[in-house]
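Everything on this sheet refers to the single structure shown next.
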Amino acid sequence: MGLTIGVDIGGTKIAAGVVDEDGNILSVHKVPTPGTPEGIVDAIASAVEGARAGNEIVGVGIGAAGYVNRQRSTVYFAPNIDWRQEPLKEKVEARVGLPVVVENDANAAAWGEYKFGAGKGHRNVICITLGTGLGGGVIIGNKLRRGHFGVAAEFGHIRMVPDGLLCGCGSQGCWEQYASGRALVRYATQRANATPENAQTLLALGDGTPEGIEGKHVSVAARQGDPVAVDSYRELARWVGAGLADLASLFDPSAFIVGGGLSDEGELLLDPIRKSYKRWLVGGNWRPVADVRAAELGNKAGLVGAADLARQPDPIM
């Protein structure tokens with residue numbers, strides 16, 4: 001099928017990368033992320049043209065943080081960009097003159113991990129991304145499953161706690177309010193307020209107050225054995241594992257792949273996730289248990305996955 005370009009839309013930059021059929025990134029072109037919806041469309045086209053120079057490209061895949069229709073063409077709704085029923089495929093195609101497919105960014109990252117990363121060799125994989133929020137993707141029978149309308153696998157907005165914490169989506173008790181980077185900082189702040197004597201390393205990394213704790217501080221302090229930071233990771237892992245147990249009841253995958261920025265902590269996070277998952281898995285002592293493993297592609301997964309999905313005529317059914 002030849003070379004394709006994957007596009008990753010970030011909060012500060014838009015990256016377009018030329019990717020071969022083996023998932024190798026051959027070149028990357030980056031441009032700043034503008035502040036307007038139309039400006040972002042122009043920036044995507046600019047990044048694609050920059051990456052395209054000197055390469056024979058057969059298609060473009062765009063990973064967008066939002067709800068994308070089943071036809072991989074329109075963004076129904078994007079929480080961080082003022083896109084409402086945005087015909088992104090049509091607009092970008094008009095600017096670059098190449099076939100374009102649009103994919104939810106978490107789905108794109110899941111596909112990248114399945115094809116070229118931690119999911120290689122598995123037919124049935126569930127991916128979750130733990131970052132500021134919680135996203136995910138479902139691959140069953142070697143196919144990306146996106147649902148009838150194209151907006152499946154919004155795992156972060158499964159309601160875990162009835163009448164729980166208010167979520168940015170407008171609902172209450174969503175999974176990402178208990179299993180995400182924001183949740184980790186909240187756990188650490190609460191614990192540092194309650195027992196500051198157990199958070200001396202953690203507090204020293206910030207401004208000395210619980211309110212000054214940032215996610216990066218919790219990670220560094222946990223690696224150094226700070227009791228509050230370690231306990232905060234365990235609380236996060238407890239919620240992640242409980243959610244995976246529910247997903248196992250729905251999909252019965254052979255592997256769960258944990259990606260996103262928090263997965264960089266490796267076994268500090270994965271080991272307690274596995275324990276929580278087995279604790280909450282129905283019949284966990286008597287049934288096969290899916291492997292829980294870290295993603296391998298890091299922040300490249302979305303770009304690589306989007307580029308590969310541009311080669312797929314219809315990977316969703």
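Letters A, B, ... mark the chains of the structure tokens in the order given; residue numbers begin at 1 per chain; ligand numbers begin at 1, in order shown.
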### Task
Pull the strand (DSSP E or B) assignments for stretch 15-86 of chain A out of DSSP run on the backbone, and list those residues as an MDAnalysis selection string.
chainID A and resid 15:19 25:32 57:64 67:68 75:77 84:86
### Selection near stretch 212-220 of chain A, 10 Å with only C-alpha atoms, sequence-local residues under 3 positions removed, as a ChimeraX atom specification
/A:132,181-189,192,199,201-209,223-226,228-230,232-233,262,264-265,268
Non-local contacts of A:Asp42 (10 Å; only C-alpha atoms; under 4 positions in same chain excluded) as a short mmCIF file (atom, residue, chain, number, x, y, z; two decimals) with N, CA, C and O atoms, in the first residue's frame:
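Okay, part-v4.cif is ready:
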```cif
data_model
loop_
_atom_site.label_atom_id
_atom_site.label_comp_id
_atom_site.auth_asym_id
_atom_site.auth_seq_id
_atom_site.Cartn_x
_atom_site.Cartn_y
_atom_site.Cartn_z
N THR A 33 -0.01 24.39 17.37
CA THR A 33 -1.46 24.22 17.34
C THR A 33 -2.13 25.59 17.48
O THR A 33 -1.95 26.27 18.48
N PRO A 34 -2.88 26.02 16.47
CA PRO A 34 -3.56 27.33 16.55
C PRO A 34 -4.71 27.30 17.55
O PRO A 34 -5.10 26.25 18.06
N THR A 36 -7.88 28.40 16.90
CA THR A 36 -9.21 28.40 16.30
C THR A 36 -9.44 27.10 15.52
O THR A 36 -8.49 26.51 15.00
N PRO A 37 -10.68 26.67 15.41
CA PRO A 37 -10.97 25.43 14.67
C PRO A 37 -10.48 25.47 13.23
O PRO A 37 -9.87 24.51 12.74
N GLU A 38 -10.75 26.56 12.52
CA GLU A 38 -10.30 26.65 11.13
C GLU A 38 -8.79 26.73 11.04
O GLU A 38 -8.17 26.19 10.12
N SER A 46 -0.81 22.06 6.65
CA SER A 46 0.58 22.51 6.59
C SER A 46 1.53 21.42 7.08
O SER A 46 2.59 21.17 6.47
N ALA A 47 1.16 20.73 8.18
CA ALA A 47 2.01 19.66 8.71
C ALA A 47 2.10 18.51 7.73
O ALA A 47 3.17 17.92 7.53
N VAL A 48 0.97 18.17 7.09
CA VAL A 48 0.97 17.09 6.10
C VAL A 48 1.86 17.43 4.93
O VAL A 48 2.67 16.61 4.47
N LYS A 91 -12.56 18.70 4.53
CA LYS A 91 -11.77 19.94 4.54
C LYS A 91 -10.29 19.68 4.30
O LYS A 91 -9.63 20.40 3.55
N VAL A 92 -9.75 18.65 4.95
CA VAL A 92 -8.33 18.36 4.79
C VAL A 92 -8.04 17.80 3.41
O VAL A 92 -7.03 18.16 2.78
N ARG A 95 -7.51 20.41 0.89
CA ARG A 95 -6.26 21.16 0.99
C ARG A 95 -5.04 20.35 0.56
O ARG A 95 -4.08 20.91 0.04
#
```
DSSP helix (DSSP H, G or I) residues within stretch 102-207 of chain A, as a compact mmCIF listing (two decimals) with N, CA and C atoms, in the first residue's frame:
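Generated output (out18.txt):
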```txt
# COMPACT_ATOMS: atom_id res chain seq x y z
N ASP A 105 -8.53 9.61 18.61
CA ASP A 105 -7.09 9.46 18.90
C ASP A 105 -6.78 8.25 19.78
N ALA A 106 -7.66 7.92 20.72
CA ALA A 106 -7.43 6.74 21.56
C ALA A 106 -7.56 5.46 20.74
N ASN A 107 -8.51 5.43 19.80
CA ASN A 107 -8.63 4.29 18.91
C ASN A 107 -7.37 4.14 18.05
N ALA A 108 -6.87 5.27 17.57
CA ALA A 108 -5.66 5.23 16.75
C ALA A 108 -4.48 4.68 17.54
N ALA A 109 -4.35 5.13 18.80
CA ALA A 109 -3.25 4.64 19.64
C ALA A 109 -3.42 3.15 19.92
N ALA A 110 -4.65 2.72 20.16
CA ALA A 110 -4.90 1.30 20.40
C ALA A 110 -4.52 0.47 19.19
N TRP A 111 -4.88 0.94 18.01
CA TRP A 111 -4.54 0.21 16.79
C TRP A 111 -3.02 0.16 16.60
N GLY A 112 -2.34 1.25 16.89
CA GLY A 112 -0.90 1.26 16.77
C GLY A 112 -0.24 0.24 17.68
N GLU A 113 -0.71 0.16 18.92
CA GLU A 113 -0.15 -0.81 19.86
C GLU A 113 -0.48 -2.25 19.44
N TYR A 114 -1.69 -2.45 18.94
CA TYR A 114 -2.10 -3.78 18.50
C TYR A 114 -1.25 -4.26 17.32
N LYS A 115 -1.03 -3.39 16.35
CA LYS A 115 -0.31 -3.80 15.15
C LYS A 115 1.20 -3.87 15.35
N PHE A 116 1.76 -2.88 16.09
CA PHE A 116 3.21 -2.73 16.09
C PHE A 116 3.84 -2.69 17.49
N PHE A 155 -14.25 4.67 27.43
CA PHE A 155 -14.21 4.04 28.74
C PHE A 155 -14.17 5.04 29.89
N GLY A 156 -13.54 6.16 29.68
CA GLY A 156 -13.39 7.13 30.76
C GLY A 156 -14.72 7.62 31.30
N HIS A 157 -15.78 7.44 30.52
CA HIS A 157 -17.09 7.97 30.95
C HIS A 157 -18.07 6.87 31.30
N TRP A 175 -15.38 6.95 35.35
CA TRP A 175 -14.16 6.21 35.68
C TRP A 175 -12.94 7.12 35.71
N GLU A 176 -12.85 8.06 34.77
CA GLU A 176 -11.63 8.88 34.70
C GLU A 176 -11.51 9.84 35.87
N GLN A 177 -12.59 10.04 36.61
CA GLN A 177 -12.47 10.86 37.82
C GLN A 177 -11.74 10.11 38.93
N GLY A 181 -4.58 10.99 35.51
CA GLY A 181 -3.57 11.85 36.10
C GLY A 181 -4.16 12.86 37.07
N ARG A 182 -5.32 13.39 36.73
CA ARG A 182 -5.98 14.34 37.65
C ARG A 182 -6.32 13.65 38.97
N ALA A 183 -6.82 12.41 38.86
CA ALA A 183 -7.18 11.68 40.08
C ALA A 183 -5.94 11.42 40.94
N LEU A 184 -4.83 11.08 40.32
CA LEU A 184 -3.60 10.81 41.06
C LEU A 184 -3.18 12.04 41.87
N VAL A 185 -3.24 13.21 41.26
CA VAL A 185 -2.87 14.44 41.98
C VAL A 185 -3.84 14.70 43.11
N ARG A 186 -5.13 14.44 42.88
CA ARG A 186 -6.11 14.65 43.94
C ARG A 186 -5.85 13.72 45.11
N TYR A 187 -5.54 12.45 44.85
CA TYR A 187 -5.24 11.51 45.93
C TYR A 187 -4.03 11.99 46.73
N ALA A 188 -3.00 12.43 46.04
CA ALA A 188 -1.78 12.86 46.71
C ALA A 188 -2.02 14.12 47.54
N THR A 189 -2.80 15.04 46.99
CA THR A 189 -3.09 16.29 47.71
C THR A 189 -3.88 16.00 48.98
N GLN A 190 -4.89 15.16 48.87
CA GLN A 190 -5.71 14.81 50.04
C GLN A 190 -4.87 14.14 51.12
N ARG A 191 -4.02 13.21 50.72
CA ARG A 191 -3.20 12.48 51.69
C ARG A 191 -2.13 13.36 52.31
N ALA A 192 -1.57 14.25 51.51
CA ALA A 192 -0.55 15.15 52.04
C ALA A 192 -1.17 16.14 53.04
N ASN A 193 -2.40 16.54 52.79
CA ASN A 193 -3.11 17.40 53.76
C ASN A 193 -3.36 16.66 55.06
N ALA A 194 -3.73 15.37 54.95
CA ALA A 194 -4.08 14.60 56.14
C ALA A 194 -2.85 14.20 56.94
N PRO A 196 0.93 15.22 56.49
CA PRO A 196 2.09 15.85 55.84
C PRO A 196 3.42 15.23 56.26
N GLU A 197 3.46 14.63 57.47
CA GLU A 197 4.70 14.00 57.91
C GLU A 197 5.08 12.79 57.05
N ASN A 198 4.10 12.22 56.33
CA ASN A 198 4.36 11.10 55.45
C ASN A 198 4.60 11.52 53.99
N GLN A 200 6.96 14.14 53.10
CA GLN A 200 8.04 15.13 53.12
C GLN A 200 8.78 15.21 51.78
N THR A 201 9.09 14.08 51.18
CA THR A 201 9.75 14.09 49.88
C THR A 201 8.86 14.70 48.82
N LEU A 202 7.60 14.31 48.84
CA LEU A 202 6.63 14.82 47.86
C LEU A 202 6.48 16.33 47.96
N LEU A 203 6.29 16.83 49.18
CA LEU A 203 6.09 18.26 49.37
C LEU A 203 7.32 19.07 48.99
N ALA A 204 8.49 18.50 49.25
CA ALA A 204 9.73 19.22 48.94
C ALA A 204 9.94 19.40 47.45
```
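If you measure from each of A:Val18, A:Ile40, A:Ala65, A:Leu247 to A:Cys127 using only C-alpha atoms, the closest one turns out to be A:Leu247.
Atom CA of A:Ser276 is positioned 6.1 Å from atom CA of A:Ala242.
Restricting the calculation to only C-alpha atoms, the smallest distance between A:Met1 and any of A:Val161, A:Val58, A:Val240, A:Val96 is found for A:Val58.
Separating atom CA of A:Gly302 from atom CA of A:Glu154 is a distance of 15.9 Å.
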### Message
I'd like the neighbourhood of A:Ile62 as a PyMOL selection string, where a residue qualifies if any of its atoms comes within 12 Å (using only C-alpha atoms), though same-chain residues fewer than 6 positions away should be ignored.
### Response
chain A and resi 4-10+14-17+41+44-45+47-48+68+72-75+88-89+92-93+99-109+302-310
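Taking atom CA of A:Leu144 and atom CA of A:Gly119 as endpoints, the distance between them is 12.6 Å.
The smallest atom-to-atom distance between A:Thr12 and any of A:Val31, A:Ala94, A:Leu130, A:Ala295, using only C-alpha atoms, is found for A:Val31.
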### Task
Within 12 Å of A:Tyr277, counting only C-alpha atoms, which residues show up once you throw out same-chain ones fewer than 4 positions away? Write them as a ChimeraX atom specification, please.
/A:237-249,256,270-273,281-285,289-292
### Query
Which residues, written as number ranges by chain, have at least one atom at most 12 Å from A:Glu56, with only C-alpha atoms counted and residues fewer than 2 positions away on the same chain left out?
A: 1-5, 18-20, 49, 51-54, 58-60, 98
Save out the residues we just selected, all heavy atoms, as an mmCIF file, in the first residue's frame.
```
data_model
loop_
_atom_site.group_PDB
_atom_site.id
_atom_site.type_symbol
_atom_site.label_atom_id
_atom_site.label_comp_id
_atom_site.auth_asym_id
_atom_site.auth_seq_id
_atom_site.Cartn_x
_atom_site.Cartn_y
_atom_site.Cartn_z
ATOM 1 N N MET A 1 0.810 -1.213 0.000
ATOM 2 C CA MET A 1 0.000 0.000 0.000
ATOM 3 C C MET A 1 0.847 1.269 0.000
ATOM 4 O O MET A 1 0.350 2.337 -0.247
ATOM 5 C CB MET A 1 -0.928 -0.003 1.220
ATOM 6 C CG MET A 1 -2.053 -1.014 1.139
ATOM 7 S SD MET A 1 -3.230 -0.605 -0.144
ATOM 8 C CE MET A 1 -3.960 0.883 0.535
ATOM 9 N N GLY A 2 2.129 1.171 0.326
ATOM 10 C CA GLY A 2 2.979 2.346 0.284
ATOM 11 C C GLY A 2 2.974 3.138 1.570
ATOM 12 O O GLY A 2 2.474 2.704 2.609
ATOM 13 N N LEU A 3 3.529 4.344 1.506
ATOM 14 C CA LEU A 3 3.688 5.210 2.667
ATOM 15 C C LEU A 3 2.417 6.001 2.938
ATOM 16 O O LEU A 3 1.740 6.460 2.017
ATOM 17 C CB LEU A 3 4.850 6.181 2.454
ATOM 18 C CG LEU A 3 6.226 5.560 2.164
ATOM 19 C CD1 LEU A 3 7.248 6.665 1.907
ATOM 20 C CD2 LEU A 3 6.667 4.678 3.324
ATOM 21 N N THR A 4 2.111 6.181 4.222
ATOM 22 C CA THR A 4 0.999 7.032 4.632
ATOM 23 C C THR A 4 1.495 8.026 5.676
ATOM 24 O O THR A 4 2.581 7.878 6.240
ATOM 25 C CB THR A 4 -0.165 6.210 5.215
ATOM 26 O OG1 THR A 4 0.340 5.375 6.273
ATOM 27 C CG2 THR A 4 -0.824 5.353 4.153
ATOM 28 N N ILE A 5 0.679 9.032 5.933
ATOM 29 C CA ILE A 5 0.998 10.042 6.943
ATOM 30 C C ILE A 5 -0.012 9.940 8.076
ATOM 31 O O ILE A 5 -1.227 9.889 7.840
ATOM 32 C CB ILE A 5 0.981 11.459 6.339
ATOM 33 C CG1 ILE A 5 2.178 11.637 5.391
ATOM 34 C CG2 ILE A 5 1.018 12.529 7.435
ATOM 35 C CD1 ILE A 5 2.199 12.967 4.660
ATOM 36 N N VAL A 18 5.513 10.502 8.393
ATOM 37 C CA VAL A 18 5.463 9.518 7.317
ATOM 38 C C VAL A 18 5.773 8.152 7.914
ATOM 39 O O VAL A 18 6.798 7.974 8.579
ATOM 40 C CB VAL A 18 6.485 9.852 6.212
ATOM 41 C CG1 VAL A 18 6.457 8.780 5.121
ATOM 42 C CG2 VAL A 18 6.190 11.224 5.615
ATOM 43 N N VAL A 19 4.890 7.186 7.682
ATOM 44 C CA VAL A 19 4.999 5.868 8.315
ATOM 45 C C VAL A 19 4.939 4.789 7.241
ATOM 46 O O VAL A 19 4.080 4.835 6.346
ATOM 47 C CB VAL A 19 3.862 5.655 9.335
ATOM 48 C CG1 VAL A 19 3.990 4.295 10.016
ATOM 49 C CG2 VAL A 19 3.868 6.775 10.379
ATOM 50 N N ASP A 20 5.846 3.812 7.341
ATOM 51 C CA ASP A 20 5.821 2.712 6.375
ATOM 52 C C ASP A 20 4.919 1.589 6.867
ATOM 53 O O ASP A 20 4.326 1.666 7.953
ATOM 54 C CB ASP A 20 7.238 2.221 6.050
ATOM 55 C CG ASP A 20 7.931 1.531 7.219
ATOM 56 O OD1 ASP A 20 7.255 1.115 8.182
ATOM 57 O OD2 ASP A 20 9.171 1.385 7.168
ATOM 58 N N GLU A 49 1.753 18.651 4.422
ATOM 59 C CA GLU A 49 2.581 19.051 3.286
ATOM 60 C C GLU A 49 4.057 19.053 3.657
ATOM 61 O O GLU A 49 4.917 18.672 2.852
ATOM 62 C CB GLU A 49 2.151 20.432 2.786
ATOM 63 C CG GLU A 49 0.773 20.464 2.137
ATOM 64 C CD GLU A 49 0.690 19.606 0.878
ATOM 65 O OE1 GLU A 49 1.737 19.177 0.359
ATOM 66 O OE2 GLU A 49 -0.433 19.349 0.407
ATOM 67 N N ALA A 51 5.526 17.104 5.906
ATOM 68 C CA ALA A 51 5.981 15.719 6.011
ATOM 69 C C ALA A 51 6.024 15.034 4.644
ATOM 70 O O ALA A 51 6.853 14.156 4.401
ATOM 71 C CB ALA A 51 5.055 14.932 6.945
ATOM 72 N N ARG A 52 5.147 15.463 3.779
ATOM 73 C CA ARG A 52 5.000 14.829 2.468
ATOM 74 C C ARG A 52 6.184 15.082 1.533
ATOM 75 O O ARG A 52 6.464 14.284 0.641
ATOM 76 C CB ARG A 52 3.715 15.359 1.835
ATOM 77 C CG ARG A 52 3.342 14.782 0.503
ATOM 78 C CD ARG A 52 2.083 15.473 0.000
ATOM 79 N NE ARG A 52 1.537 14.881 -1.189
ATOM 80 C CZ ARG A 52 0.449 15.336 -1.802
ATOM 81 N NH1 ARG A 52 -0.207 16.381 -1.309
ATOM 82 N NH2 ARG A 52 0.009 14.749 -2.896
ATOM 83 N N ALA A 53 6.888 16.177 1.756
ATOM 84 C CA ALA A 53 7.934 16.611 0.832
ATOM 85 C C ALA A 53 8.934 15.489 0.548
ATOM 86 O O ALA A 53 9.527 14.926 1.468
ATOM 87 C CB ALA A 53 8.671 17.822 1.416
ATOM 88 N N GLY A 54 9.062 15.144 -0.727
ATOM 89 C CA GLY A 54 10.024 14.134 -1.130
ATOM 90 C C GLY A 54 9.539 12.704 -0.979
ATOM 91 O O GLY A 54 10.300 11.770 -1.241
ATOM 92 N N VAL A 58 0.229 7.776 -0.079
ATOM 93 C CA VAL A 58 -1.027 7.247 -0.616
ATOM 94 C C VAL A 58 -2.241 7.610 0.234
ATOM 95 O O VAL A 58 -3.375 7.408 -0.208
ATOM 96 C CB VAL A 58 -0.959 5.718 -0.783
ATOM 97 C CG1 VAL A 58 0.150 5.336 -1.744
ATOM 98 C CG2 VAL A 58 -0.759 5.014 0.561
ATOM 99 N N GLY A 59 -2.048 8.150 1.430
ATOM 100 C CA GLY A 59 -3.189 8.500 2.267
ATOM 101 C C GLY A 59 -2.765 9.133 3.567
ATOM 102 O O GLY A 59 -1.593 9.086 3.952
ATOM 103 N N VAL A 60 -3.741 9.719 4.270
ATOM 104 C CA VAL A 60 -3.503 10.419 5.529
ATOM 105 C C VAL A 60 -4.507 9.941 6.566
ATOM 106 O O VAL A 60 -5.703 9.817 6.270
ATOM 107 C CB VAL A 60 -3.649 11.953 5.348
ATOM 108 C CG1 VAL A 60 -3.473 12.675 6.686
ATOM 109 C CG2 VAL A 60 -2.651 12.484 4.323
ATOM 110 N N LEU A 98 -5.180 14.349 -1.015
ATOM 111 C CA LEU A 98 -4.927 12.945 -0.706
ATOM 112 C C LEU A 98 -6.141 12.361 0.009
ATOM 113 O O LEU A 98 -6.876 13.103 0.675
ATOM 114 C CB LEU A 98 -3.702 12.805 0.205
ATOM 115 C CG LEU A 98 -2.333 13.072 -0.404
ATOM 116 C CD1 LEU A 98 -1.286 13.198 0.717
ATOM 117 C CD2 LEU A 98 -1.949 11.961 -1.378
#
```
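The shortest atom-to-atom distance to A:Ile158, with only C-alpha atoms taken into account, belongs to A:Leu134 out of A:Leu134, A:Arg145, A:Ser180, A:Trp280.
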